[in-house]
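The file coords39.txt comes next; it holds compact mmCIF, C-alpha atoms.
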# COMPACT_ATOMS: atom_id res chain seq x y z
CA MET A 15 23.59 11.88 -3.81
CA HIS A 16 26.74 11.86 -1.71
CA GLY A 17 28.00 14.82 -3.81
CA TYR A 18 29.27 12.75 -6.73
CA GLU A 19 28.38 13.08 -10.38
CA PHE A 20 29.04 10.83 -13.33
CA TYR A 21 31.11 12.23 -16.19
CA VAL A 22 31.64 10.51 -19.52
CA ASP A 23 34.51 11.62 -21.75
CA PRO A 24 34.68 9.51 -24.94
CA SER A 25 37.84 11.34 -26.01
CA ARG A 26 39.67 9.68 -23.12
CA CYS A 27 38.49 6.17 -23.94
CA ILE A 28 41.33 3.86 -24.90
CA GLY A 29 39.17 0.88 -25.69
CA CYS A 30 40.47 -1.38 -22.96
CA GLN A 31 36.95 -2.54 -22.08
CA SER A 32 37.78 -2.74 -18.40
CA CYS A 33 34.44 -1.11 -17.73
CA VAL A 34 32.65 -3.82 -19.68
CA LYS A 35 34.27 -6.54 -17.62
CA ALA A 36 33.86 -4.68 -14.35
CA CYS A 37 30.18 -4.16 -15.04
CA GLU A 38 29.74 -7.89 -15.43
CA GLU A 39 30.93 -8.32 -11.87
CA CYS A 40 28.07 -6.32 -10.46
CA GLU A 41 25.98 -8.44 -8.16
CA THR A 42 22.63 -7.32 -9.47
CA HIS A 43 23.28 -8.47 -13.06
CA ARG A 44 26.31 -10.68 -12.80
CA GLY A 45 27.64 -11.93 -16.13
CA LYS A 46 25.83 -9.31 -18.16
CA SER A 47 27.49 -6.03 -18.95
CA MET A 48 25.39 -2.92 -19.03
CA ILE A 49 28.13 -0.76 -20.54
CA ASN A 50 27.48 0.48 -24.05
CA PHE A 51 30.77 0.15 -25.84
CA ASP A 52 31.16 1.44 -29.39
CA PHE A 53 33.88 1.31 -31.99
CA ILE A 54 33.62 4.55 -33.92
CA ASP A 55 34.18 4.03 -37.63
CA ARG A 56 36.31 1.00 -36.99
CA SER A 57 37.85 0.83 -40.47
CA ARG A 58 39.45 4.21 -40.16
CA THR A 59 40.16 4.86 -36.55
CA THR A 60 40.91 3.13 -33.29
CA ALA A 61 38.65 5.53 -31.45
CA THR A 62 36.19 3.91 -29.09
CA ALA A 63 33.52 5.16 -26.78
CA ALA A 64 32.23 3.58 -23.60
CA TYR A 65 29.28 5.08 -21.93
CA VAL A 66 26.63 4.34 -19.39
CA CYS A 67 22.99 5.25 -19.14
CA TRP A 68 22.53 8.99 -19.07
CA HIS A 69 19.62 8.81 -16.67
CA CYS A 70 17.48 11.41 -18.42
CA ASP A 71 15.39 13.79 -16.37
CA GLU A 72 12.43 12.69 -18.47
CA PRO A 73 13.44 9.20 -19.53
CA THR A 74 12.11 8.30 -22.96
CA CYS A 75 12.47 4.59 -22.25
CA ALA A 76 10.11 4.83 -19.30
CA MET A 77 7.71 7.12 -21.16
CA VAL A 78 7.19 4.54 -23.88
CA CYS A 79 7.00 1.51 -21.61
CA PRO A 80 3.51 0.03 -21.99
CA ALA A 81 3.92 -2.09 -18.87
CA ASP A 82 5.00 0.68 -16.50
CA ALA A 83 8.11 -1.37 -15.81
CA ILE A 84 10.77 1.34 -15.92
CA LYS A 85 10.90 3.73 -13.02
CA LYS A 86 12.96 6.76 -12.18
CA GLY A 87 13.62 7.01 -8.50
CA GLU A 88 13.76 10.13 -6.41
CA ASP A 89 17.55 10.04 -6.52
CA GLY A 90 17.48 10.47 -10.31
CA VAL A 91 18.49 6.96 -11.27
CA VAL A 92 16.46 5.27 -14.00
CA GLN A 93 16.25 1.69 -12.88
CA SER A 94 16.31 -1.50 -14.87
CA SER A 95 12.92 -2.83 -15.81
CA LEU A 96 10.95 -4.40 -13.02
CA LYS A 97 11.06 -8.12 -13.57
CA PRO A 98 7.39 -8.79 -12.70
CA ARG A 99 6.23 -6.13 -15.11
CA CYS A 100 8.58 -6.17 -18.07
CA ILE A 101 7.06 -7.96 -21.05
CA GLY A 102 10.17 -7.81 -23.19
CA CYS A 103 8.54 -5.75 -25.93
CA ALA A 104 11.72 -3.74 -26.58
CA ASN A 105 9.83 -0.46 -26.95
CA CYS A 106 12.45 1.15 -24.74
CA VAL A 107 15.28 -0.25 -26.84
CA LEU A 108 13.83 1.35 -29.93
CA ALA A 109 12.87 4.61 -28.27
CA CYS A 110 15.97 5.51 -26.30
CA PRO A 111 17.86 8.13 -28.32
CA PHE A 112 21.12 7.00 -26.74
CA GLY A 113 20.58 3.31 -27.45
CA ILE A 114 21.05 2.32 -23.83
CA PRO A 115 18.48 -0.36 -22.91
CA LYS A 116 19.39 -3.93 -23.71
CA ILE A 117 16.85 -6.60 -24.28
CA PHE A 118 17.63 -10.12 -23.12
CA PRO A 119 15.31 -12.46 -24.98
CA ALA A 120 16.30 -15.41 -22.82
CA LEU A 121 15.03 -13.54 -19.78
CA ASP A 122 12.28 -11.77 -21.69
CA GLN A 123 13.40 -8.67 -19.94
CA MET A 124 15.12 -5.39 -20.56
CA MET A 125 18.09 -4.52 -18.43
CA LYS A 126 20.05 -1.34 -18.39
CA CYS A 127 22.69 0.55 -16.49
CA ASP A 128 21.31 1.55 -13.12
CA MET A 129 24.50 3.36 -12.16
CA CYS A 130 25.38 0.44 -9.89
CA TYR A 131 22.50 1.29 -7.65
CA ASP A 132 23.65 -1.08 -4.93
CA ARG A 133 26.94 0.80 -4.76
CA THR A 134 26.10 4.44 -5.46
CA SER A 135 23.18 4.43 -3.10
CA VAL A 136 25.57 3.81 -0.24
CA GLY A 137 28.23 6.27 -1.42
CA LYS A 138 30.46 3.90 -3.39
CA ARG A 139 31.52 4.54 -6.98
CA PRO A 140 30.06 2.51 -9.83
CA MET A 141 32.11 -0.48 -10.94
CA CYS A 142 33.01 1.00 -14.34
CA ALA A 143 34.24 4.27 -12.88
CA THR A 144 36.42 2.48 -10.35
CA VAL A 145 38.32 0.55 -13.03
CA CYS A 146 38.54 3.01 -15.91
CA PRO A 147 42.30 3.66 -16.25
CA SER A 148 41.90 6.84 -18.28
CA GLN A 149 38.89 8.10 -16.34
CA ALA A 150 36.80 8.31 -19.47
CA LEU A 151 34.15 7.17 -17.06
CA SER A 152 34.56 9.06 -13.84
CA TYR A 153 32.38 9.43 -10.79
CA VAL A 154 33.77 12.39 -8.92
CA ARG A 155 32.78 15.62 -7.31
CA PRO A 156 32.05 18.57 -9.63
CA ASP A 157 35.02 20.55 -8.34
CA GLU A 158 37.36 17.73 -9.32
CA ILE A 159 36.12 17.68 -12.90
CA ALA A 160 36.42 21.44 -13.19
CA GLY A 161 40.19 21.09 -13.65
CA ARG A 162 39.81 19.38 -16.98
CA ARG A 163 39.96 21.20 -20.29
CA GLU A 164 36.62 19.88 -21.40
CA LYS A 165 33.37 21.22 -20.11
CA PRO A 166 30.64 18.99 -18.74
CA THR A 167 27.19 19.33 -20.23
CA ASN A 168 24.00 17.45 -19.70
CA VAL A 169 21.90 19.00 -22.47
CA PHE A 170 21.36 16.98 -25.60
CA TYR A 171 19.37 17.70 -28.72
CA PHE A 172 18.18 14.84 -30.86
CA GLY A 173 16.54 16.65 -33.70
CA LYS A 174 13.78 18.57 -31.95
CA GLN A 175 13.89 16.52 -28.79
CA LYS A 176 15.73 18.23 -25.97
CA ILE A 177 17.02 15.94 -23.29
CA THR A 178 18.60 16.86 -20.02
CA THR A 179 20.36 14.11 -18.15
CA ARG A 180 21.83 13.28 -14.82
CA VAL A 181 25.11 12.01 -16.29
CA TYR A 182 27.37 14.59 -17.84
CA MET A 183 29.16 14.43 -21.18
CA MET A 184 32.56 16.11 -21.42
CA THR A 185 32.44 18.39 -24.45
CA PRO A 186 34.74 21.00 -25.99
CA ALA A 187 34.93 24.06 -23.83
CA GLU A 188 33.10 26.29 -26.28
CA THR A 189 29.98 24.11 -26.52
CA ASP A 190 27.04 24.15 -24.19
CA SER A 191 25.14 21.19 -25.53
CA VAL A 192 25.44 18.12 -27.71
CA SER A 193 23.32 18.23 -30.82
CA LEU A 194 22.64 15.21 -32.98
CA ASP A 195 20.05 14.46 -35.55
CA VAL A 196 19.75 10.77 -36.07
CA LEU A 197 18.39 11.34 -39.53
CA ASP A 198 21.71 12.83 -40.52
CA TYR A 199 23.31 9.46 -40.01
CA VAL A 200 20.74 7.13 -41.42
CA TRP A 201 21.42 7.45 -45.14
CA GLU A 202 25.08 8.41 -44.99
CA ASN A 203 27.56 5.66 -45.56
CA SER A 204 30.41 7.74 -44.33
CA HIS A 205 29.20 7.99 -40.74
CA VAL A 206 28.43 4.50 -39.62
CA THR A 207 28.53 3.79 -35.95
CA VAL A 208 28.93 0.12 -35.34
CA SER A 209 27.61 -0.95 -32.02
CA GLN A 210 29.30 -3.93 -30.54
CA SER A 211 27.02 -6.81 -29.86
CA GLN A 212 26.95 -8.07 -26.33
CA MET B 7 2.93 9.67 -2.19
CA SER B 8 -0.12 11.73 -1.49
CA LEU B 9 -2.93 10.04 0.32
CA PHE B 10 -5.71 11.52 -1.72
CA ARG B 11 -5.89 11.96 -5.45
CA SER B 12 -5.78 15.56 -6.51
CA PRO B 13 -6.73 16.87 -9.93
CA SER B 14 -3.93 16.70 -12.44
CA LYS B 15 -3.30 18.33 -15.79
CA ASP B 16 -1.81 15.14 -17.18
CA PRO B 17 -3.98 12.60 -18.93
CA LEU B 18 -5.21 9.86 -16.65
CA TRP B 19 -2.91 7.14 -17.98
CA LYS B 20 0.09 9.36 -17.50
CA ASP B 21 -1.08 10.41 -14.09
CA GLU B 22 -1.69 6.89 -12.87
CA PHE B 23 1.37 5.31 -14.40
CA SER B 24 3.98 7.93 -13.77
CA VAL B 25 7.57 7.03 -14.57
CA PHE B 26 8.67 8.82 -11.42
CA THR B 27 8.38 6.80 -8.27
CA SER B 28 7.78 9.97 -6.27
CA ASP B 29 4.57 10.58 -8.25
CA GLU B 30 3.22 7.08 -7.95
CA ARG B 31 -0.16 6.99 -6.30
CA TYR B 32 -0.75 3.30 -6.23
CA VAL B 33 -0.46 1.47 -2.97
CA THR B 34 2.57 -0.74 -2.86
CA ARG B 35 2.52 -4.21 -1.38
CA ARG B 36 4.53 -2.94 1.55
CA GLN B 37 2.12 -0.09 2.22
CA PHE B 38 -0.78 -2.50 2.06
CA THR B 39 0.94 -4.84 4.48
CA LYS B 40 1.57 -1.94 6.82
CA PHE B 41 -2.07 -0.98 6.59
CA LEU B 42 -3.16 -4.54 7.35
CA THR B 43 -0.85 -4.74 10.33
CA LEU B 44 -1.90 -1.39 11.75
CA ALA B 45 -5.57 -2.06 11.13
CA SER B 46 -5.46 -5.40 12.92
CA LEU B 47 -3.53 -3.78 15.74
CA GLY B 48 -6.27 -1.18 15.97
CA MET B 49 -8.91 -3.91 16.06
CA PHE B 50 -7.03 -5.67 18.83
CA VAL B 51 -6.69 -2.50 20.90
CA GLY B 52 -10.37 -1.77 20.37
CA ASN B 53 -11.33 -5.23 21.56
CA VAL B 54 -9.13 -4.93 24.62
CA TRP B 55 -10.76 -1.58 25.35
CA ILE B 56 -14.24 -3.05 25.06
CA VAL B 57 -13.35 -5.97 27.34
CA ALA B 58 -11.72 -3.65 29.86
CA LYS B 59 -14.70 -1.35 29.80
CA ALA B 60 -17.06 -4.23 30.44
CA TYR B 61 -14.84 -5.60 33.18
CA PHE B 62 -14.53 -2.34 35.06
CA ALA B 63 -18.07 -1.16 34.45
CA LYS B 64 -20.07 -0.29 37.56
CA LYS B 65 -22.88 -2.65 38.44
CA PRO B 66 -26.16 -0.78 38.06
CA VAL B 67 -27.98 0.07 41.27
CA TYR B 68 -31.67 -0.83 41.24
CA PRO B 69 -34.29 0.81 43.36
CA THR B 70 -36.72 -1.10 45.54
CA ALA B 71 -40.23 -0.71 44.29
CA GLU B 72 -43.51 -2.09 45.46
CA VAL B 73 -45.15 -4.32 42.88
CA VAL B 74 -48.21 -5.94 44.33
CA ALA B 75 -49.85 -6.92 47.58
CA LEU B 76 -49.89 -10.64 48.25
CA GLY B 77 -53.22 -12.07 47.16
CA GLU B 78 -54.13 -9.06 45.11
CA ILE B 79 -54.17 -11.10 41.92
CA PRO B 80 -55.49 -14.62 41.52
CA VAL B 81 -53.40 -17.67 40.69
CA ARG B 82 -52.42 -17.49 37.02
CA GLY B 83 -53.30 -13.85 37.19
CA VAL B 84 -51.18 -11.12 35.71
CA LYS B 85 -50.21 -7.63 36.70
CA LEU B 86 -48.31 -5.16 34.57
CA PHE B 87 -45.96 -2.73 36.22
CA THR B 88 -42.91 -0.67 35.41
CA TYR B 89 -39.48 -1.27 36.83
CA PRO B 90 -36.84 0.13 37.29
CA THR B 91 -37.97 3.22 35.37
CA PRO B 92 -41.43 4.15 34.17
CA GLN B 93 -40.34 3.31 30.62
CA ASP B 94 -39.51 -0.32 31.41
CA ASN B 95 -42.69 -2.32 31.26
CA CYS B 96 -42.73 -5.57 33.20
CA ILE B 97 -45.14 -8.40 33.66
CA LEU B 98 -45.86 -10.19 36.96
CA VAL B 99 -47.41 -13.63 36.91
CA ARG B 100 -48.73 -15.52 39.91
CA THR B 101 -47.82 -19.05 38.98
CA GLY B 102 -48.92 -20.67 42.25
CA GLU B 103 -50.39 -19.94 45.62
CA GLU B 104 -47.09 -18.60 46.89
CA GLU B 105 -45.15 -18.32 43.67
CA TYR B 106 -44.67 -15.16 41.73
CA VAL B 107 -42.39 -14.44 38.77
CA ALA B 108 -41.79 -11.18 36.95
CA TYR B 109 -40.06 -10.46 33.68
CA SER B 110 -39.38 -7.53 31.48
CA GLN B 111 -42.19 -7.28 29.00
CA LYS B 112 -39.91 -6.33 26.17
CA CYS B 113 -39.29 -9.24 23.81
CA THR B 114 -35.55 -9.66 23.21
CA HIS B 115 -36.19 -10.02 19.50
CA LEU B 116 -37.79 -6.76 18.39
CA SER B 117 -39.15 -5.34 21.65
CA CYS B 118 -42.82 -6.27 21.23
CA ALA B 119 -44.69 -6.60 24.50
CA VAL B 120 -44.95 -10.23 25.60
CA TYR B 121 -48.11 -11.49 27.31
CA TYR B 122 -48.88 -14.43 29.56
CA SER B 123 -50.68 -17.33 27.92
CA ALA B 124 -52.50 -19.12 30.75
CA LYS B 125 -53.51 -21.89 28.36
CA ASN B 126 -49.93 -22.81 27.46
CA ASP B 127 -48.38 -21.52 30.69
CA ARG B 128 -45.74 -19.50 28.92
CA LEU B 129 -44.95 -15.97 27.87
CA GLU B 130 -45.70 -15.31 24.24
CA CYS B 131 -44.71 -12.58 21.89
CA PRO B 132 -47.45 -12.01 19.32
CA CYS B 133 -45.26 -10.39 16.71
CA HIS B 134 -43.14 -13.34 15.61
CA GLN B 135 -44.30 -16.21 17.76
CA GLY B 136 -41.44 -16.03 20.21
CA PHE B 137 -42.20 -18.10 23.30
CA PHE B 138 -40.52 -17.81 26.69
CA SER B 139 -40.53 -20.21 29.61
CA ILE B 140 -42.51 -18.99 32.62
CA GLN B 141 -40.02 -20.67 34.95
CA ASP B 142 -36.86 -18.80 34.04
CA GLY B 143 -37.66 -16.66 30.97
CA SER B 144 -35.56 -18.78 28.61
CA VAL B 145 -36.47 -18.95 24.93
CA LEU B 146 -38.71 -21.90 24.05
CA GLN B 147 -39.25 -21.12 20.41
CA GLY B 148 -38.94 -18.41 17.84
CA PRO B 149 -36.49 -15.73 16.87
CA PRO B 150 -35.63 -14.13 20.24
CA PRO B 151 -31.87 -14.43 20.77
CA ARG B 152 -31.79 -14.11 24.56
CA PRO B 153 -33.97 -14.96 27.57
CA LEU B 154 -36.17 -12.27 29.04
CA PRO B 155 -34.55 -10.26 31.83
CA GLN B 156 -35.98 -11.44 35.10
CA ILE B 157 -37.15 -9.08 37.82
CA VAL B 158 -35.91 -10.13 41.23
CA LEU B 159 -38.82 -10.20 43.70
CA GLU B 160 -38.71 -10.20 47.46
CA ARG B 161 -41.39 -10.49 50.09
CA GLU B 162 -41.67 -7.56 52.41
CA GLY B 163 -44.48 -7.93 54.88
CA GLY B 164 -47.64 -8.42 52.92
CA LYS B 165 -46.19 -7.08 49.72
CA LEU B 166 -43.93 -8.09 46.89
CA VAL B 167 -41.17 -5.68 46.04
CA ALA B 168 -38.84 -5.62 43.07
CA THR B 169 -35.19 -5.28 44.05
CA GLY B 170 -33.26 -5.86 40.84
CA VAL B 171 -33.03 -7.12 37.32
CA ARG B 172 -31.27 -10.37 36.52
CA VAL B 173 -30.05 -10.55 32.93
CA ASN B 174 -29.52 -14.16 31.98
CA GLY B 175 -26.97 -15.20 29.41
CA ASN B 176 -27.57 -16.77 26.03
CA GLY B 177 -29.51 -19.69 27.42
Any chance you could put this one into structure tokens?
Amino acid sequence: MHGYEFYVDPSRCIGCQSCVKACEECETHRGKSMINFDFIDRSRTTATAAYVCWHCDEPTCAMVCPADAIKKGEDGVVQSSLKPRCIGCANCVLACPFGIPKIFPALDQMMKCDMCYDRTSVGKRPMCATVCPSQALSYVRPDEIAGRREKPTNVFYFGKQKITTRVYMMTPAETDSVSLDVLDYVWENSHVTVSQSQ
Amino acid sequence: MSLFRSPSKDPLWKDEFSVFTSDERYVTRRQFTKFLTLASLGMFVGNVWIVAKAYFAKKPVYPTAEVVALGEIPVRGVKLFTYPTPQDNCILVRTGEEEYVAYSQKCTHLSCAVYYSAKNDRLECPCHQGFFSIQDGSVLQGPPPRPLPQIVLEREGGKLVATGVRVNGNG
């Protein structure tokens, strides 16, 4: 759509959380940030990672929704749950391998990054990408990202589950995909990812 | 969205509740509203067409046909004839010395042949007890929804001739 693609490069993230604040300004979910912001092994490193919804080609969150509340549009954006349908069961929260959907018990509804649908659908950049000072979140044309050292990929393996996404992850040049097995991290104390609460 | 459901390899629940909006087959509220609007527009156009057709329709032309010679039947006598075509049975009644009336014999309820009851001085349909006035063919009793069509009679010399059919409204 409009020739832009979303690229996430956690290695560029400086932890300023501008994206978190900018996301809160979005008119469709004002006051609630849809950015997933992680401190990675906070006791040892200052490294952080901010990322948005990856907008999977076959979105697991929508597949598991019992209320048919999550829809992927023809433009490839996985939307927030439909308010009249969402029952707040949090199936999507548990199922998403990326940990993207957020449940809001006060609203009894799941909300997630919809790539600033009100903006990107008319050719504007998402709020987070407009404010990111290091362009860890960037919404640019593919030829602009080609100048970077890292290589964009949108193929992820979570154990045996292969996921292709609309949003690209910037990875080392020699890799073609990102491979993670969640089970590798469950029982290991040395690799604890602490997700920041909202 | 396809208009008609085509066979799918997916299980029904997956087929009906697709996560992709492009595969959704259910009618959205907006589509339904569009359908309602267009359907009522179609009804309106159809009604206008019917009214226009009735308004511009040609008046039928009736032939002149001889029915009976004056005095051929007695007072309160009856003669059956066909008018305007041989398939349209009619009934002529001499109600007075100089008074004749004629009606279509086809009951407006279910097309049974009505007869003249001299005792009650009215036209009666034997099928469902529908009674018609002998004066103007209007419904006196029973299920018929409309008066009997009246045959217009004129005197021509010593004969009565039929010159038209007068269809009365919902009297």
Interface rows for chain A against chain B: nearest pair, Å to one decimal, 7 Å, only C-alpha atoms, as a Markdown table:
| residue | atom | partner | partner_atom | distance |
| --- | --- | --- | --- | --- |
| A:Ala76 | CA | B:Val25 | CA | 5.8 |
| A:Met77 | CA | B:Val25 | CA | 6.6 |
| A:Asp82 | CA | B:Phe23 | CA | 6.2 |
| A:Ile84 | CA | B:Val25 | CA | 6.7 |
| A:Lys85 | CA | B:Val25 | CA | 4.9 |
| A:Lys86 | CA | B:Phe26 | CA | 4.8 |
| A:Gly87 | CA | B:Thr27 | CA | 5.2 |
| A:Glu88 | CA | B:Ser28 | CA | 6.0 |
What separation in Å, quoted to one decimal, exists between CA of Cys106 in chain A and CA of Val169 in chain A? 20.3 Å
Just how far from CA of Gln147 in chain B is CA of His134 in chain B, in Å to one decimal?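 The value is 9.9 Å.
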Please provide the set of residues having any atom within 8 Å of Val74 in chain B, restricted to only C-alpha atoms, with same-chain residues fewer than 5 positions apart removed, written as a PyMOL selection string. chain B and resi 165-167
For CA of Tyr89 in chain B and CA of Asn126 in chain B, quote the distance in Å rounded to one decimal. 25.7 Å
Using all atoms listed in the file, determine which residues lie at most 7 Å from range 124-134 of chain A, disregarding the query and same-chain residues fewer than 5 positions distant; provide the list as a VMD selection string. chain A and resid 48 to 49 66 to 67 91 to 95 102 114 to 118 139 to 141
Reconstructed N, CA and C atoms for range 155-186 of chain A, given as a PDB file, in the coordinates of the input:
ATOM      1  N   ARG A 155      33.488  14.405  -7.671  1.00  0.00           N
ATOM      2  CA  ARG A 155      32.780  15.620  -7.310  1.00  0.00           C
ATOM      3  C   ARG A 155      32.935  16.659  -8.420  1.00  0.00           C
ATOM      4  N   PRO A 156      31.984  17.570  -8.560  1.00  0.00           N
ATOM      5  CA  PRO A 156      32.050  18.570  -9.630  1.00  0.00           C
ATOM      6  C   PRO A 156      33.322  19.404  -9.590  1.00  0.00           C
ATOM      7  N   ASP A 157      33.832  19.720  -8.396  1.00  0.00           N
ATOM      8  CA  ASP A 157      35.020  20.550  -8.340  1.00  0.00           C
ATOM      9  C   ASP A 157      36.256  19.806  -8.829  1.00  0.00           C
ATOM     10  N   GLU A 158      36.216  18.485  -8.808  1.00  0.00           N
ATOM     11  CA  GLU A 158      37.360  17.730  -9.320  1.00  0.00           C
ATOM     12  C   GLU A 158      37.377  17.717 -10.838  1.00  0.00           C
ATOM     13  N   ILE A 159      36.184  17.737 -11.442  1.00  0.00           N
ATOM     14  CA  ILE A 159      36.120  17.680 -12.900  1.00  0.00           C
ATOM     15  C   ILE A 159      36.382  19.057 -13.495  1.00  0.00           C
ATOM     16  N   ALA A 160      36.258  20.083 -12.684  1.00  0.00           N
ATOM     17  CA  ALA A 160      36.420  21.440 -13.190  1.00  0.00           C
ATOM     18  C   ALA A 160      37.838  21.694 -13.675  1.00  0.00           C
ATOM     19  N   GLY A 161      38.805  20.885 -13.222  1.00  0.00           N
ATOM     20  CA  GLY A 161      40.190  21.090 -13.650  1.00  0.00           C
ATOM     21  C   GLY A 161      40.476  20.607 -15.063  1.00  0.00           C
ATOM     22  N   ARG A 162      39.568  19.885 -15.625  1.00  0.00           N
ATOM     23  CA  ARG A 162      39.810  19.380 -16.980  1.00  0.00           C
ATOM     24  C   ARG A 162      39.593  20.466 -18.022  1.00  0.00           C
ATOM     25  N   ARG A 163      40.153  20.227 -19.221  1.00  0.00           N
ATOM     26  CA  ARG A 163      39.960  21.200 -20.290  1.00  0.00           C
ATOM     27  C   ARG A 163      38.530  21.177 -20.815  1.00  0.00           C
ATOM     28  N   GLU A 164      37.956  19.972 -20.857  1.00  0.00           N
ATOM     29  CA  GLU A 164      36.620  19.880 -21.400  1.00  0.00           C
ATOM     30  C   GLU A 164      35.590  20.387 -20.400  1.00  0.00           C
ATOM     31  N   LYS A 165      34.433  20.687 -20.958  1.00  0.00           N
ATOM     32  CA  LYS A 165      33.370  21.220 -20.110  1.00  0.00           C
ATOM     33  C   LYS A 165      32.245  20.197 -20.012  1.00  0.00           C
ATOM     34  N   PRO A 166      31.749  19.952 -18.841  1.00  0.00           N
ATOM     35  CA  PRO A 166      30.640  18.990 -18.740  1.00  0.00           C
ATOM     36  C   PRO A 166      29.318  19.625 -19.169  1.00  0.00           C
ATOM     37  N   THR A 167      28.530  18.865 -19.878  1.00  0.00           N
ATOM     38  CA  THR A 167      27.190  19.330 -20.230  1.00  0.00           C
ATOM     39  C   THR A 167      26.221  18.163 -20.097  1.00  0.00           C
ATOM     40  N   ASN A 168      25.008  18.502 -19.790  1.00  0.00           N
ATOM     41  CA  ASN A 168      24.000  17.450 -19.700  1.00  0.00           C
ATOM     42  C   ASN A 168      22.768  17.813 -20.525  1.00  0.00           C
ATOM     43  N   VAL A 169      22.988  18.619 -21.565  1.00  0.00           N
ATOM     44  CA  VAL A 169      21.900  19.000 -22.470  1.00  0.00           C
ATOM     45  C   VAL A 169      22.175  18.408 -23.832  1.00  0.00           C
ATOM     46  N   PHE A 170      21.217  17.643 -24.303  1.00  0.00           N
ATOM     47  CA  PHE A 170      21.360  16.980 -25.600  1.00  0.00           C
ATOM     48  C   PHE A 170      20.179  17.343 -26.470  1.00  0.00           C
ATOM     49  N   TYR A 171      20.454  17.512 -27.754  1.00  0.00           N
ATOM     50  CA  TYR A 171      19.370  17.700 -28.720  1.00  0.00           C
ATOM     51  C   TYR A 171      19.413  16.574 -29.723  1.00  0.00           C
ATOM     52  N   PHE A 172      18.310  15.853 -29.824  1.00  0.00           N
ATOM     53  CA  PHE A 172      18.180  14.840 -30.860  1.00  0.00           C
ATOM     54  C   PHE A 172      17.092  15.328 -31.806  1.00  0.00           C
ATOM     55  N   GLY A 173      17.527  16.000 -32.856  1.00  0.00           N
ATOM     56  CA  GLY A 173      16.540  16.650 -33.700  1.00  0.00           C
ATOM     57  C   GLY A 173      15.831  17.707 -32.879  1.00  0.00           C
ATOM     58  N   LYS A 174      14.523  17.570 -32.715  1.00  0.00           N
ATOM     59  CA  LYS A 174      13.780  18.570 -31.950  1.00  0.00           C
ATOM     60  C   LYS A 174      13.617  18.178 -30.488  1.00  0.00           C
ATOM     61  N   GLN A 175      14.074  16.982 -30.165  1.00  0.00           N
ATOM     62  CA  GLN A 175      13.890  16.520 -28.790  1.00  0.00           C
ATOM     63  C   GLN A 175      15.047  17.008 -27.921  1.00  0.00           C
ATOM     64  N   LYS A 176      14.703  17.770 -26.903  1.00  0.00           N
ATOM     65  CA  LYS A 176      15.730  18.230 -25.970  1.00  0.00           C
ATOM     66  C   LYS A 176      15.732  17.302 -24.764  1.00  0.00           C
ATOM     67  N   ILE A 177      16.908  16.869 -24.403  1.00  0.00           N
ATOM     68  CA  ILE A 177      17.020  15.940 -23.290  1.00  0.00           C
ATOM     69  C   ILE A 177      18.046  16.469 -22.307  1.00  0.00           C
ATOM     70  N   THR A 178      17.631  16.542 -21.074  1.00  0.00           N
ATOM     71  CA  THR A 178      18.600  16.860 -20.020  1.00  0.00           C
ATOM     72  C   THR A 178      18.798  15.593 -19.194  1.00  0.00           C
ATOM     73  N   THR A 179      20.011  15.389 -18.758  1.00  0.00           N
ATOM     74  CA  THR A 179      20.360  14.110 -18.150  1.00  0.00           C
ATOM     75  C   THR A 179      21.037  14.315 -16.808  1.00  0.00           C
ATOM     76  N   ARG A 180      21.131  13.236 -16.092  1.00  0.00           N
ATOM     77  CA  ARG A 180      21.830  13.280 -14.820  1.00  0.00           C
ATOM     78  C   ARG A 180      23.329  13.085 -15.042  1.00  0.00           C
ATOM     79  N   VAL A 181      23.708  12.252 -15.993  1.00  0.00           N
ATOM     80  CA  VAL A 181      25.110  12.010 -16.290  1.00  0.00           C
ATOM     81  C   VAL A 181      25.605  13.087 -17.250  1.00  0.00           C
ATOM     82  N   TYR A 182      26.828  13.509 -17.026  1.00  0.00           N
ATOM     83  CA  TYR A 182      27.370  14.590 -17.840  1.00  0.00           C
ATOM     84  C   TYR A 182      28.272  14.042 -18.930  1.00  0.00           C
ATOM     85  N   MET A 183      28.236  14.714 -20.088  1.00  0.00           N
ATOM     86  CA  MET A 183      29.160  14.430 -21.180  1.00  0.00           C
ATOM     87  C   MET A 183      30.219  15.523 -21.186  1.00  0.00           C
ATOM     88  N   MET A 184      31.494  15.114 -21.332  1.00  0.00           N
ATOM     89  CA  MET A 184      32.560  16.110 -21.420  1.00  0.00           C
ATOM     90  C   MET A 184      32.648  16.568 -22.877  1.00  0.00           C
ATOM     91  N   THR A 185      32.471  17.857 -23.087  1.00  0.00           N
ATOM     92  CA  THR A 185      32.440  18.390 -24.450  1.00  0.00           C
ATOM     93  C   THR A 185      33.499  19.484 -24.578  1.00  0.00           C
ATOM     94  N   PRO A 186      33.805  19.885 -25.824  1.00  0.00           N
ATOM     95  CA  PRO A 186      34.740  21.000 -25.990  1.00  0.00           C
ATOM     96  C   PRO A 186      34.275  22.227 -25.215  1.00  0.00           C
TER      97      PRO A 186
END
